[in-house]
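Student: My structure is stored as work_32.cif, with mmCIF, C-alpha atoms.
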data_run
loop_
_atom_site.label_atom_id
_atom_site.label_comp_id
_atom_site.auth_asym_id
_atom_site.auth_seq_id
_atom_site.Cartn_x
_atom_site.Cartn_y
_atom_site.Cartn_z
CA MET A 24 -13.21 -13.18 1.79
CA LYS A 25 -16.62 -11.81 2.68
CA ALA A 26 -17.27 -8.18 3.41
CA ASN A 27 -17.80 -8.65 7.11
CA ALA A 28 -14.36 -10.20 7.53
CA THR A 29 -12.11 -8.09 9.70
CA GLU A 30 -10.35 -5.37 7.79
CA VAL A 31 -6.60 -5.41 8.11
CA THR A 32 -5.39 -1.91 8.80
CA ARG A 33 -1.79 -0.67 8.67
CA ARG A 34 -1.83 -0.74 12.47
CA GLN A 35 -2.75 -4.40 12.49
CA GLU A 36 -0.13 -5.21 9.86
CA LEU A 37 2.49 -3.57 12.06
CA ILE A 38 1.56 -5.80 14.98
CA TYR A 39 2.71 -8.69 12.80
CA GLU A 40 5.75 -6.96 11.31
CA LEU A 41 7.19 -5.38 14.45
CA LYS A 42 9.40 -7.56 16.62
CA ILE A 43 9.13 -7.49 20.39
CA GLU A 44 12.77 -6.34 20.60
CA GLN A 45 11.81 -3.20 18.68
CA VAL A 46 9.29 -2.07 21.29
CA MET A 47 10.53 -3.55 24.60
CA VAL A 48 12.36 -1.60 27.27
CA ARG A 49 15.97 -2.77 27.47
CA GLU A 50 16.94 -1.28 30.82
CA VAL A 51 15.40 -3.81 33.15
CA ILE A 52 15.27 -3.46 36.91
CA SER A 53 15.99 -6.98 38.12
CA VAL A 54 16.93 -8.77 41.29
CA SER A 55 19.21 -11.69 42.15
CA PRO A 56 17.64 -14.84 43.62
CA ASP A 57 20.09 -14.45 46.49
CA ALA A 58 18.86 -10.98 47.48
CA THR A 59 16.87 -10.81 50.71
CA ILE A 60 13.20 -9.91 50.99
CA ALA A 61 14.24 -6.72 52.81
CA GLU A 62 16.43 -5.76 49.87
CA LEU A 63 13.58 -6.52 47.45
CA LYS A 64 11.19 -4.33 49.47
CA GLU A 65 13.66 -1.42 49.24
CA LEU A 66 14.13 -2.01 45.49
CA LEU A 67 10.38 -2.02 44.73
CA ARG A 68 9.88 1.05 46.91
CA SER A 69 12.75 3.12 45.56
CA ARG A 70 12.17 2.24 41.88
CA ARG A 71 8.36 2.40 42.22
CA VAL A 72 7.73 -0.88 40.43
CA SER A 73 5.29 -3.62 41.40
CA GLY A 74 7.36 -6.58 40.29
CA VAL A 75 10.75 -7.48 38.82
CA PRO A 76 12.35 -10.38 36.96
CA VAL A 77 14.77 -12.54 38.94
CA ILE A 78 18.01 -13.26 37.11
CA GLU A 79 20.93 -15.50 37.86
CA GLY A 80 23.82 -14.03 35.89
CA THR A 81 21.89 -13.10 32.76
CA ARG A 82 19.44 -15.99 32.82
CA LEU A 83 15.82 -15.45 33.76
CA VAL A 84 14.94 -17.80 36.62
CA GLY A 85 11.76 -16.25 38.03
CA MET A 86 9.54 -13.24 38.64
CA ILE A 87 8.80 -11.67 41.99
CA SER A 88 5.98 -9.21 42.59
CA ILE A 89 4.58 -7.09 45.38
CA GLU A 90 2.13 -9.93 46.11
CA ASN A 91 4.99 -12.36 46.76
CA LEU A 92 6.61 -9.69 48.93
CA ILE A 93 3.47 -9.24 51.04
CA ARG A 94 3.28 -13.00 51.60
CA ALA A 95 6.88 -13.05 52.83
CA LEU A 96 6.35 -10.03 55.09
CA GLU A 97 3.16 -11.60 56.54
CA GLN A 98 5.33 -14.51 57.57
CA GLY A 99 7.88 -12.09 59.03
CA LYS A 100 10.60 -13.45 56.77
CA THR A 101 12.48 -10.26 55.88
CA GLN A 102 15.79 -12.08 55.78
CA ALA A 103 14.52 -14.92 53.56
CA LEU A 104 15.84 -15.04 50.00
CA VAL A 105 14.04 -13.97 46.87
CA ARG A 106 14.48 -17.50 45.43
CA ASP A 107 12.20 -18.87 48.19
CA PHE A 108 9.26 -16.62 47.34
CA MET A 109 9.60 -15.99 43.61
CA THR A 110 7.35 -17.44 40.94
CA ARG A 111 9.41 -20.01 39.07
CA ASN A 112 7.02 -20.95 36.33
CA VAL A 113 7.50 -17.70 34.40
CA GLN A 114 5.66 -16.72 31.25
CA ALA A 115 8.20 -14.90 29.11
CA VAL A 116 8.09 -13.65 25.53
CA LYS A 117 10.87 -14.08 22.99
CA SER A 118 12.62 -10.96 21.71
CA ALA A 119 12.57 -12.15 18.08
CA ASP A 120 8.83 -12.92 18.09
CA SER A 121 6.37 -10.52 16.51
CA VAL A 122 4.44 -8.14 18.73
CA VAL A 123 1.23 -10.03 17.98
CA SER A 124 2.41 -12.98 20.09
CA ALA A 125 2.85 -10.64 23.06
CA VAL A 126 -0.60 -9.14 22.46
CA ASN A 127 -2.02 -12.67 22.69
CA MET A 128 -0.08 -13.33 25.89
CA PHE A 129 -1.45 -10.16 27.50
CA ALA A 130 -4.97 -11.15 26.53
CA HIS A 131 -4.54 -14.73 27.72
CA PHE A 132 -2.74 -14.27 31.07
CA GLY A 133 -3.91 -10.84 32.13
CA TYR A 134 -0.44 -9.89 33.47
CA GLY A 135 0.72 -6.29 33.38
CA ARG A 136 4.20 -7.07 32.05
CA PHE A 137 6.23 -9.85 30.54
CA PRO A 138 9.97 -10.43 30.77
CA VAL A 139 11.61 -10.69 27.34
CA VAL A 140 14.24 -13.38 26.75
CA ASP A 141 16.50 -14.38 23.87
CA ASP A 142 16.72 -17.93 22.53
CA ASN A 143 18.93 -18.97 25.48
CA ASP A 144 16.57 -17.65 28.15
CA ASN A 145 18.80 -14.65 28.87
CA LEU A 146 16.78 -11.69 30.04
CA VAL A 147 17.06 -8.93 27.42
CA GLY A 148 14.15 -6.63 28.23
CA ILE A 149 10.71 -6.11 29.69
CA LEU A 150 7.42 -5.42 27.95
CA THR A 151 4.19 -3.71 29.00
CA LYS A 152 1.09 -2.95 26.93
CA GLY A 153 2.15 0.69 27.00
CA ASP A 154 5.46 -0.22 25.35
CA ILE A 155 3.56 -1.89 22.51
CA VAL A 156 1.33 1.13 21.94
CA ARG A 157 4.31 3.48 22.02
CA GLY A 158 6.25 1.22 19.64
CA LEU A 159 3.40 1.10 17.14
CA LEU A 160 2.90 4.85 17.19
CA ARG A 161 6.63 5.44 16.79
CA GLN A 162 6.84 3.06 13.83
CA MET A 163 3.84 4.61 12.09
CA GLU A 164 5.39 8.02 12.53
CA VAL A 165 8.76 6.80 11.23
CA GLU A 166 7.17 5.38 8.07
CA TRP A 167 5.19 8.54 7.51
CA HIS A 168 8.30 10.67 7.98
CA ALA A 169 10.37 8.49 5.65
CA GLU A 170 7.95 9.10 2.79
CA GLU A 171 7.75 12.81 3.66
CA ILE A 172 11.53 13.15 3.67
CA GLN A 173 11.86 11.33 0.35
CA THR A 174 9.22 13.55 -1.19
CA TYR A 175 10.88 16.62 0.28
CA ARG A 176 14.32 15.62 -0.99
CA ALA A 177 13.00 14.80 -4.43
CA SER A 178 11.04 18.02 -4.70
CA HIS A 179 14.19 20.01 -3.92
CA ILE A 180 16.40 18.23 -6.41
CA PHE A 181 16.12 21.05 -8.91
CA GLU A 182 17.18 23.62 -6.31
CA ASP A 183 19.94 21.49 -4.80
CA ILE A 184 21.74 20.82 -8.07
CA GLU A 185 23.13 23.91 -9.70
CA SER A 186 23.21 24.24 -13.45
CA ASP A 187 21.77 26.52 -16.09
CA ASP A 188 19.24 23.89 -16.95
CA THR A 189 18.65 20.72 -14.92
CA SER A 190 16.54 17.90 -16.31
CA LEU A 191 15.79 14.49 -14.90
CA PHE A 192 15.64 11.68 -17.47
CA LEU A 193 13.82 8.44 -16.76
CA ARG A 194 13.90 5.58 -19.26
CA TYR A 195 11.72 2.48 -19.30
CA ASN A 196 11.78 -0.50 -21.65
CA VAL A 197 8.39 -1.68 -22.87
CA ALA A 198 8.16 -5.18 -24.33
CA SER A 199 5.78 -6.17 -27.09
CA GLY A 200 2.81 -8.21 -25.85
CA ASP A 201 3.80 -7.81 -22.20
CA PHE A 202 0.35 -7.26 -20.74
CA VAL A 203 1.55 -8.53 -17.38
CA HIS A 204 3.66 -5.43 -16.86
CA GLY A 205 1.31 -3.18 -18.80
CA GLY A 206 1.18 0.17 -17.05
CA ALA A 207 4.43 -0.37 -15.14
CA ALA A 208 6.29 2.47 -16.86
CA SER A 209 3.37 4.89 -16.50
CA SER A 210 2.94 3.92 -12.89
CA LYS A 211 6.62 4.53 -12.13
CA ILE A 212 6.60 7.86 -13.94
CA LYS A 213 3.51 8.85 -11.98
CA LYS A 214 5.17 7.95 -8.67
CA ALA A 215 8.30 9.88 -9.63
CA LEU A 216 6.21 12.96 -10.40
CA GLU A 217 4.41 12.62 -7.06
CA ARG A 218 7.76 12.47 -5.27
CA LEU A 219 8.86 15.53 -7.16
CA GLY A 220 5.78 17.33 -5.94
CA ALA A 221 4.18 18.05 -9.33
CA ASP A 222 0.61 19.36 -9.52
CA PRO A 223 -1.77 16.38 -9.14
CA ARG A 224 -3.86 17.55 -12.12
CA VAL A 225 -0.81 17.51 -14.37
CA ILE A 226 0.26 14.14 -12.96
CA ARG A 227 -3.13 12.70 -13.87
CA ARG A 228 -2.87 13.93 -17.48
CA VAL A 229 0.68 12.59 -17.78
CA ALA A 230 -0.38 9.24 -16.30
CA VAL A 231 -3.34 8.80 -18.65
CA ALA A 232 -1.37 9.78 -21.77
CA THR A 233 1.67 7.70 -20.83
CA TYR A 234 -0.50 4.68 -20.09
CA GLU A 235 -2.10 4.90 -23.52
CA ALA A 236 1.31 5.29 -25.17
CA GLU A 237 2.68 2.36 -23.21
CA THR A 238 -0.32 0.22 -24.13
CA ASN A 239 0.14 1.12 -27.79
CA ILE A 240 3.73 -0.12 -27.70
CA ILE A 241 2.63 -3.35 -26.01
CA ILE A 242 -0.26 -4.01 -28.40
CA HIS A 243 0.92 -2.70 -31.73
CA SER A 244 4.72 -2.67 -31.82
CA HIS A 245 7.73 -4.96 -31.75
CA GLY A 246 8.70 -3.28 -28.49
CA GLY A 247 10.18 0.06 -27.56
CA GLU A 248 10.89 2.44 -24.76
CA ILE A 249 9.42 5.39 -22.93
CA THR A 250 11.50 8.25 -21.64
CA ALA A 251 10.33 11.00 -19.37
CA GLU A 252 12.26 14.26 -19.21
CA ILE A 253 11.33 16.31 -16.20
CA ASN A 254 12.54 19.83 -15.49
CA PRO A 255 11.02 22.69 -13.53
CA HIS A 256 9.18 23.99 -16.60
CA LEU A 257 7.87 20.94 -18.40
CA ILE A 258 7.48 17.21 -18.61
CA ARG A 259 8.33 15.60 -21.95
CA ILE A 260 7.30 12.02 -22.60
CA VAL A 261 8.77 10.26 -25.64
CA ALA A 262 7.47 6.83 -26.62
CA VAL A 263 9.47 5.20 -29.41
CA ASP A 264 9.11 1.74 -30.84
CA THR A 265 10.99 -0.29 -33.42
CA GLY A 266 8.11 -0.75 -35.82
CA PRO A 267 6.11 -1.85 -37.72
CA GLY A 268 5.01 1.80 -37.91
CA ILE A 269 1.63 3.33 -38.72
CA ASP A 270 0.46 3.28 -42.34
CA ASP A 271 -1.94 6.19 -42.05
CA VAL A 272 -1.23 8.47 -39.10
CA GLU A 273 -4.25 10.67 -39.79
CA LYS A 274 -6.59 7.68 -39.76
CA ALA A 275 -4.95 6.34 -36.59
CA MET A 276 -5.75 9.62 -34.89
CA THR A 277 -9.48 9.22 -35.63
CA ALA A 278 -11.42 8.43 -32.46
CA GLY A 279 -12.87 4.94 -32.63
CA TYR A 280 -10.49 3.70 -35.33
CA SER A 281 -8.49 0.68 -34.20
CA THR A 282 -6.39 -2.03 -35.79
CA ALA A 283 -6.33 -4.13 -32.62
CA PRO A 284 -7.22 -7.81 -33.11
CA ASP A 285 -10.26 -9.38 -31.44
CA TRP A 286 -8.39 -11.02 -28.56
CA ILE A 287 -6.99 -7.64 -27.57
CA ARG A 288 -10.44 -6.06 -27.79
CA GLU A 289 -11.80 -8.76 -25.52
CA MET A 290 -9.48 -7.46 -22.81
CA GLY A 291 -11.06 -4.05 -23.14
CA PHE A 292 -8.32 -2.52 -25.26
CA GLY A 293 -8.60 -1.47 -28.87
CA ALA A 294 -11.43 1.01 -28.43
CA GLY A 295 -9.64 3.27 -30.87
CA MET A 296 -9.48 5.96 -28.22
CA GLY A 297 -5.81 5.78 -27.30
CA LEU A 298 -4.36 8.53 -29.46
CA ALA A 299 -7.47 10.67 -28.94
CA ASN A 300 -7.03 10.37 -25.18
CA ILE A 301 -3.36 11.24 -25.48
CA LYS A 302 -4.14 14.30 -27.56
CA ALA A 303 -6.71 15.47 -25.03
CA CYS A 304 -4.26 15.12 -22.14
CA ALA A 305 -1.04 16.56 -23.54
CA ASP A 306 -0.35 20.23 -24.13
CA GLU A 307 1.56 19.32 -27.28
CA MET A 308 1.65 16.10 -29.24
CA LYS A 309 3.92 15.10 -32.12
CA LEU A 310 3.44 11.76 -33.82
CA GLU A 311 5.76 10.56 -36.55
CA SER A 312 5.93 7.14 -38.05
CA VAL A 313 7.83 5.44 -40.86
CA PRO A 314 6.10 2.20 -41.91
CA GLY A 315 8.46 -0.72 -41.47
CA GLU A 316 10.75 1.29 -39.23
CA PHE A 317 9.43 3.09 -36.17
CA THR A 318 6.78 5.19 -34.52
CA ARG A 319 7.76 8.11 -32.29
CA LEU A 320 5.32 9.94 -30.08
CA GLU A 321 6.43 13.06 -28.25
CA LEU A 322 4.22 14.66 -25.63
CA THR A 323 4.81 17.86 -23.74
CA PHE A 324 3.11 18.95 -20.54
CA SER A 325 3.72 22.47 -19.33
CA LEU A 326 4.32 23.02 -15.63
CA GLU A 327 3.96 26.78 -15.82
CA MET B 19 -24.26 12.34 -3.42
CA ALA B 20 -24.72 10.72 -0.04
CA ALA B 21 -22.17 12.07 2.42
CA SER B 22 -18.94 10.11 2.80
CA LEU B 23 -19.81 6.75 1.26
CA THR B 24 -16.91 4.35 1.55
CA VAL B 25 -15.94 1.22 -0.37
CA SER B 26 -17.09 -0.70 2.68
CA ASP B 27 -20.65 0.64 2.23
CA LEU B 28 -20.58 -0.56 -1.38
CA VAL B 29 -19.37 -4.00 -0.32
CA HIS B 30 -22.31 -4.36 2.07
CA ALA B 31 -24.92 -3.01 -0.34
CA LEU B 32 -23.72 -5.27 -3.15
CA ASN B 33 -23.09 -8.22 -0.84
CA ALA B 34 -19.77 -8.51 -2.68
CA SER B 35 -16.81 -10.74 -2.05
CA VAL B 36 -13.63 -8.74 -1.50
CA VAL B 37 -10.66 -10.64 -2.93
CA ALA B 38 -8.00 -7.93 -2.76
CA GLY B 39 -7.25 -4.57 -1.20
CA THR B 40 -9.05 -5.40 2.05
CA ASN B 41 -7.01 -2.79 3.90
CA SER B 42 -8.37 0.03 1.75
CA LEU B 43 -12.10 -0.44 2.31
CA ASP B 44 -12.37 2.77 4.31
CA ARG B 45 -11.58 4.79 1.18
CA PRO B 46 -14.24 7.36 0.25
CA VAL B 47 -16.14 6.86 -3.01
CA SER B 48 -16.40 10.02 -5.12
CA GLY B 49 -18.78 8.59 -7.72
CA GLY B 50 -19.28 5.76 -10.14
CA TYR B 51 -18.11 4.83 -13.62
CA VAL B 52 -19.08 1.92 -15.87
CA SER B 53 -17.19 0.65 -18.90
CA ASP B 54 -15.33 -2.37 -20.17
CA LEU B 55 -13.15 -0.31 -22.48
CA LEU B 56 -9.98 0.68 -20.71
CA SER B 57 -9.41 3.77 -22.80
CA CYS B 58 -12.87 5.05 -21.97
CA VAL B 59 -12.15 4.52 -18.30
CA MET B 60 -8.83 6.33 -18.68
CA ALA B 61 -10.64 9.23 -20.28
CA GLY B 62 -13.75 9.26 -18.12
CA ALA B 63 -13.26 7.87 -14.63
CA VAL B 64 -11.90 10.20 -11.99
CA GLN B 65 -10.05 9.78 -8.73
CA GLY B 66 -12.06 8.00 -6.04
CA ASN B 67 -14.60 6.52 -8.47
CA ALA B 68 -15.99 3.01 -8.08
CA TRP B 69 -15.49 1.30 -11.45
CA VAL B 70 -17.99 -1.32 -12.57
CA THR B 71 -16.70 -3.71 -15.24
CA LEU B 72 -16.81 -7.33 -16.30
CA GLN B 73 -13.13 -7.25 -17.21
CA ALA B 74 -10.99 -9.27 -14.83
CA HIS B 75 -7.32 -9.09 -15.76
CA LEU B 76 -4.12 -7.38 -14.67
CA ASN B 77 -4.51 -4.28 -16.80
CA VAL B 78 -7.69 -3.36 -14.97
CA VAL B 79 -5.58 -2.95 -11.83
CA ALA B 80 -3.04 -0.85 -13.72
CA VAL B 81 -5.79 1.51 -14.87
CA ALA B 82 -7.45 1.67 -11.45
CA SER B 83 -4.11 2.36 -9.80
CA LEU B 84 -3.08 5.08 -12.25
CA LEU B 85 -6.41 6.84 -11.82
CA GLU B 86 -6.44 6.23 -8.05
CA LEU B 87 -9.92 4.73 -8.23
CA ALA B 88 -11.61 3.75 -4.97
CA CYS B 89 -12.34 0.19 -6.06
CA VAL B 90 -13.16 -2.09 -8.97
CA ILE B 91 -16.49 -3.92 -8.99
CA ILE B 92 -16.19 -7.00 -11.20
CA THR B 93 -19.55 -8.25 -12.40
CA GLU B 94 -21.14 -11.34 -13.96
CA GLY B 95 -19.07 -13.66 -11.81
CA ALA B 96 -15.85 -12.97 -13.70
CA THR B 97 -12.94 -14.23 -11.60
CA PRO B 98 -9.57 -12.51 -11.38
CA ASP B 99 -6.51 -14.77 -11.51
CA GLU B 100 -3.82 -14.93 -8.83
CA ALA B 101 -1.63 -12.38 -10.62
CA MET B 102 -4.42 -9.82 -10.71
CA ILE B 103 -5.25 -10.32 -7.04
CA LYS B 104 -1.58 -10.02 -6.07
CA LYS B 105 -1.17 -6.84 -8.09
CA ALA B 106 -4.37 -5.35 -6.65
CA ASP B 107 -3.12 -6.05 -3.13
CA GLU B 108 0.19 -4.38 -3.94
CA GLU B 109 -1.54 -1.35 -5.37
CA HIS B 110 -4.16 -1.27 -2.59
CA ILE B 111 -7.05 -1.53 -5.03
CA PRO B 112 -10.08 -3.30 -3.53
CA LEU B 113 -11.56 -5.87 -5.96
CA LEU B 114 -15.25 -6.52 -5.32
CA LEU B 115 -16.74 -9.59 -6.99
CA ILE B 116 -20.44 -9.97 -7.63
CA PRO B 117 -22.41 -12.51 -9.65
CA CYS B 118 -24.95 -10.04 -11.04
CA ARG B 119 -24.71 -7.94 -14.18
CA SER B 120 -23.19 -4.48 -14.44
CA PHE B 121 -26.66 -2.94 -14.89
CA ALA B 122 -27.91 -4.44 -11.63
CA ALA B 123 -24.74 -3.35 -9.84
CA VAL B 124 -25.20 0.22 -11.02
CA LYS B 125 -28.84 0.17 -9.87
CA THR B 126 -27.74 -0.84 -6.37
CA LEU B 127 -25.05 1.84 -6.35
CA VAL B 128 -27.51 4.52 -7.46
CA GLU B 129 -29.96 3.49 -4.74
CA LEU B 130 -27.11 3.77 -2.26
CA GLY B 131 -26.46 7.32 -3.40
CA VAL B 132 -23.45 6.89 -5.68
CA GLU B 133 -23.60 9.32 -8.56
CA SER B 134 -21.92 9.73 -11.90
CA THR B 135 -19.02 12.16 -11.72
CA PRO B 136 -19.35 14.68 -14.53
#
Here is a file; write its structure as structure tokens.

Tutor:
Amino acid sequence: MKANATEVTRRQELIYELKIEQVMVREVISVSPDATIAELKELLRSRRVSGVPVIEGTRLVGMISIENLIRALEQGKTQALVRDFMTRNVQAVKSADSVVSAVNMFAHFGYGRFPVVDDNDNLVGILTKGDIVRGLLRQMEVEWHAEEIQTYRASHIFEDIESDDTSLFLRYNVASGDFVHGGAASSKIKKALERLGADPRVIRRVAVATYEAETNIIIHSHGGEITAEINPHLIRIVAVDTGPGIDDVEKAMTAGYSTAPDWIREMGFGAGMGLANIKACADEMKLESVPGEFTRLELTFSLE
Amino acid sequence: MAASLTVSDLVHALNASVVAGTNSLDRPVSGGYVSDLLSCVMAGAVQGNAWVTLQAHLNVVAVASLLELACVIITEGATPDEAMIKKADEEHIPLLLIPCRSFAAVKTLVELGVESTP
């Protein structure tokens, strides 16, 4: 896609996602085909509408507008029936269609409103451009509120649950060589911290350190797991793997030292900066390793 | 730094193809960062940066997403695979593809007013 291609905004996405039935007005003022023109005139006047759908039982059979009414009155036919003056070839929209199809109909026909029918041509609502705008705004607000409420609830978890010491534990499996999901655990931990309302600067440090730890498990180990302990005072990240362990921990900590093979380096990993980055981000770092058994990295981030 | 540059401005200046994250082109660009080493990017790039790299694989998106970068500019005609594009769309990370080298891309960005974030 080239740069000048139309940008798809959330608003435009919604036009495709929202169904007509979610934005239409369900209480429809309608008229029977057997009503008289005099009765129609009274209906349009009292309800202050310029046109109504004509329904037989629940089925949409036509539309009749103020223009049709004027034509009937010009001919002096106040006692004629609606069915004789209504428009029979009605453009209707389907309730299950997406809002975008209605937008196209408005653009194409230039009408002010469309009757909405179900699959059996039963009238189920009416739709104006205003209804679409209102529906879109409502939906955008709902989505925004939903995220706000979730963040609010999460950030109050430590106040809502009473104990002497409440911690939240999150555990993620990290598979050896799984570059496809590389960063998944860090990303989820980051999102959890955002929901919990942690300081963005701390979140960034946790995210960077956890990503490096996760990448180390993927590249260097037989697999392992990452746990995050979160409480009001600190975040503790523990990355443990099942080996093969680090022969020389001190050397591994040296910036620029890496044991990563060439194919890993070609992907941009293996700069030998991982542990150095982690150390720079965490408030405390403990690294222990038993060659042939495991490596355990514990990081603490203070929230105070 | 030029006031309120957006990813969209970069796309035009670079004449780049946008293959993912097209709904996030109005994002402001806070500065630029160049490296092909992911750890360096993790350590050096900051939120809102445009990242210039010739790496084109999934983990680039993971890094960009974690750091909340404004976009990734992939140089030298490197082509992301389907998985990377899908992931970038999910994470709302614009991927800008250009045939020229990283050096040339940076030159264009500098002329546009994008600066290095300290």

Student: Determine, counting all atoms listed in the file, which protein, DNA and RNA residues have an atom within 10 Å of an atom of Lys211 (chain A); residues of the same chain fewer than 6 positions away are not included. Present the result as a PDB file with C-alpha atoms, keeping the file's coordinate frame.

Tutor:
ATOM      1  CA  LEU A 193      13.820   8.440 -16.760  1.00  0.00           C
ATOM      2  CA  TYR A 195      11.720   2.480 -19.300  1.00  0.00           C
ATOM      3  CA  GLU A 217       4.410  12.620  -7.060  1.00  0.00           C
ATOM      4  CA  ALA A 230      -0.380   9.240 -16.300  1.00  0.00           C
TER       5      ALA A 230
ATOM      6  CA  LEU B  84      -3.080   5.080 -12.250  1.00  0.00           C
TER       7      LEU B  84
END

Student: Report as an MDAnalysis selection string the residues that result from applying the PyMOL selection byres ((chain A and resi 123) around 12) to the structure here.

Tutor: chainID A and resid 34:43 46 116:117 119:122 124:130 152 155:156 159

Student: Take the residues from that selection and put them in a file with C-alpha atoms, as a PDB file, in the coordinates of the input.

Tutor:
ATOM      1  CA  ARG A  34      -1.830  -0.740  12.470  1.00  0.00           C
ATOM      2  CA  GLN A  35      -2.750  -4.400  12.490  1.00  0.00           C
ATOM      3  CA  GLU A  36      -0.130  -5.210   9.860  1.00  0.00           C
ATOM      4  CA  LEU A  37       2.490  -3.570  12.060  1.00  0.00           C
ATOM      5  CA  ILE A  38       1.560  -5.800  14.980  1.00  0.00           C
ATOM      6  CA  TYR A  39       2.710  -8.690  12.800  1.00  0.00           C
ATOM      7  CA  GLU A  40       5.750  -6.960  11.310  1.00  0.00           C
ATOM      8  CA  LEU A  41       7.190  -5.380  14.450  1.00  0.00           C
ATOM      9  CA  LYS A  42       9.400  -7.560  16.620  1.00  0.00           C
ATOM     10  CA  ILE A  43       9.130  -7.490  20.390  1.00  0.00           C
ATOM     11  CA  VAL A  46       9.290  -2.070  21.290  1.00  0.00           C
ATOM     12  CA  VAL A 116       8.090 -13.650  25.530  1.00  0.00           C
ATOM     13  CA  LYS A 117      10.870 -14.080  22.990  1.00  0.00           C
ATOM     14  CA  ALA A 119      12.570 -12.150  18.080  1.00  0.00           C
ATOM     15  CA  ASP A 120       8.830 -12.920  18.090  1.00  0.00           C
ATOM     16  CA  SER A 121       6.370 -10.520  16.510  1.00  0.00           C
ATOM     17  CA  VAL A 122       4.440  -8.140  18.730  1.00  0.00           C
ATOM     18  CA  SER A 124       2.410 -12.980  20.090  1.00  0.00           C
ATOM     19  CA  ALA A 125       2.850 -10.640  23.060  1.00  0.00           C
ATOM     20  CA  VAL A 126      -0.600  -9.140  22.460  1.00  0.00           C
ATOM     21  CA  ASN A 127      -2.020 -12.670  22.690  1.00  0.00           C
ATOM     22  CA  MET A 128      -0.080 -13.330  25.890  1.00  0.00           C
ATOM     23  CA  PHE A 129      -1.450 -10.160  27.500  1.00  0.00           C
ATOM     24  CA  ALA A 130      -4.970 -11.150  26.530  1.00  0.00           C
ATOM     25  CA  LYS A 152       1.090  -2.950  26.930  1.00  0.00           C
ATOM     26  CA  ILE A 155       3.560  -1.890  22.510  1.00  0.00           C
ATOM     27  CA  VAL A 156       1.330   1.130  21.940  1.00  0.00           C
ATOM     28  CA  LEU A 159       3.400   1.100  17.140  1.00  0.00           C
TER      29      LEU A 159
END

Student: Return the single residue from A:Asp264, A:Glu321, A:Asp201, A:Glu171 that is closest to chain B, with distances computed using all atoms listed in the file.

Tutor: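 Of the candidates, the smallest distance to chain B is held by A:Asp201.
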
Student: CA of Leu55 (chain B) to CA of Gly39 (chain B): how many Å, to one decimal?

Tutor: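 These atoms are spaced 22.5 Å apart.
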
Student: Counting only C-alpha atoms, which of B:Leu23, B:Val132, B:Leu115, B:Ala68 gets nearest to Ser53 (chain B)?

Tutor: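 Looking at the shortest contact to Ser53 (chain B), the residue is B:Ala68.
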
Student: Counting all atoms listed in the file, which residues in chain B sit no more than 7 Å from chain A? For each one, give the nearest pair of atoms and the distance in Å, sorted by chain then residue number, as JSON lines.

Tutor:
{"residue": "B:Val29", "atom": "CA", "partner": "A:Ala26", "partner_atom": "CA", "distance": 6.0}
{"residue": "B:His30", "atom": "CA", "partner": "A:Ala26", "partner_atom": "CA", "distance": 6.5}
{"residue": "B:Ala34", "atom": "CA", "partner": "A:Ala26", "partner_atom": "CA", "distance": 6.6}
{"residue": "B:Ser35", "atom": "CA", "partner": "A:Lys25", "partner_atom": "CA", "distance": 4.9}
{"residue": "B:Val36", "atom": "CA", "partner": "A:Met24", "partner_atom": "CA", "distance": 5.5}
{"residue": "B:Val37", "atom": "CA", "partner": "A:Met24", "partner_atom": "CA", "distance": 5.9}
{"residue": "B:Thr40", "atom": "CA", "partner": "A:Glu30", "partner_atom": "CA", "distance": 5.9}
{"residue": "B:Asn41", "atom": "CA", "partner": "A:Val31", "partner_atom": "CA", "distance": 5.0}
{"residue": "B:Asp54", "atom": "CA", "partner": "A:Gly291", "partner_atom": "CA", "distance": 5.5}
{"residue": "B:Leu55", "atom": "CA", "partner": "A:Gly291", "partner_atom": "CA", "distance": 4.3}
{"residue": "B:Leu56", "atom": "CA", "partner": "A:Gly291", "partner_atom": "CA", "distance": 5.4}
{"residue": "B:Ser57", "atom": "CA", "partner": "A:Met296", "partner_atom": "CA", "distance": 5.8}
{"residue": "B:Met60", "atom": "CA", "partner": "A:Val231", "partner_atom": "CA", "distance": 6.0}
{"residue": "B:Ala61", "atom": "CA", "partner": "A:Asn300", "partner_atom": "CA", "distance": 6.2}
{"residue": "B:Gln73", "atom": "CA", "partner": "A:Met290", "partner_atom": "CA", "distance": 6.7}
{"residue": "B:Leu76", "atom": "CA", "partner": "A:Val203", "partner_atom": "CA", "distance": 6.4}
{"residue": "B:Asn77", "atom": "CA", "partner": "A:Gly205", "partner_atom": "CA", "distance": 6.3}
{"residue": "B:Ala80", "atom": "CA", "partner": "A:Gly206", "partner_atom": "CA", "distance": 5.5}
{"residue": "B:Leu84", "atom": "CA", "partner": "A:Ser210", "partner_atom": "CA", "distance": 6.2}
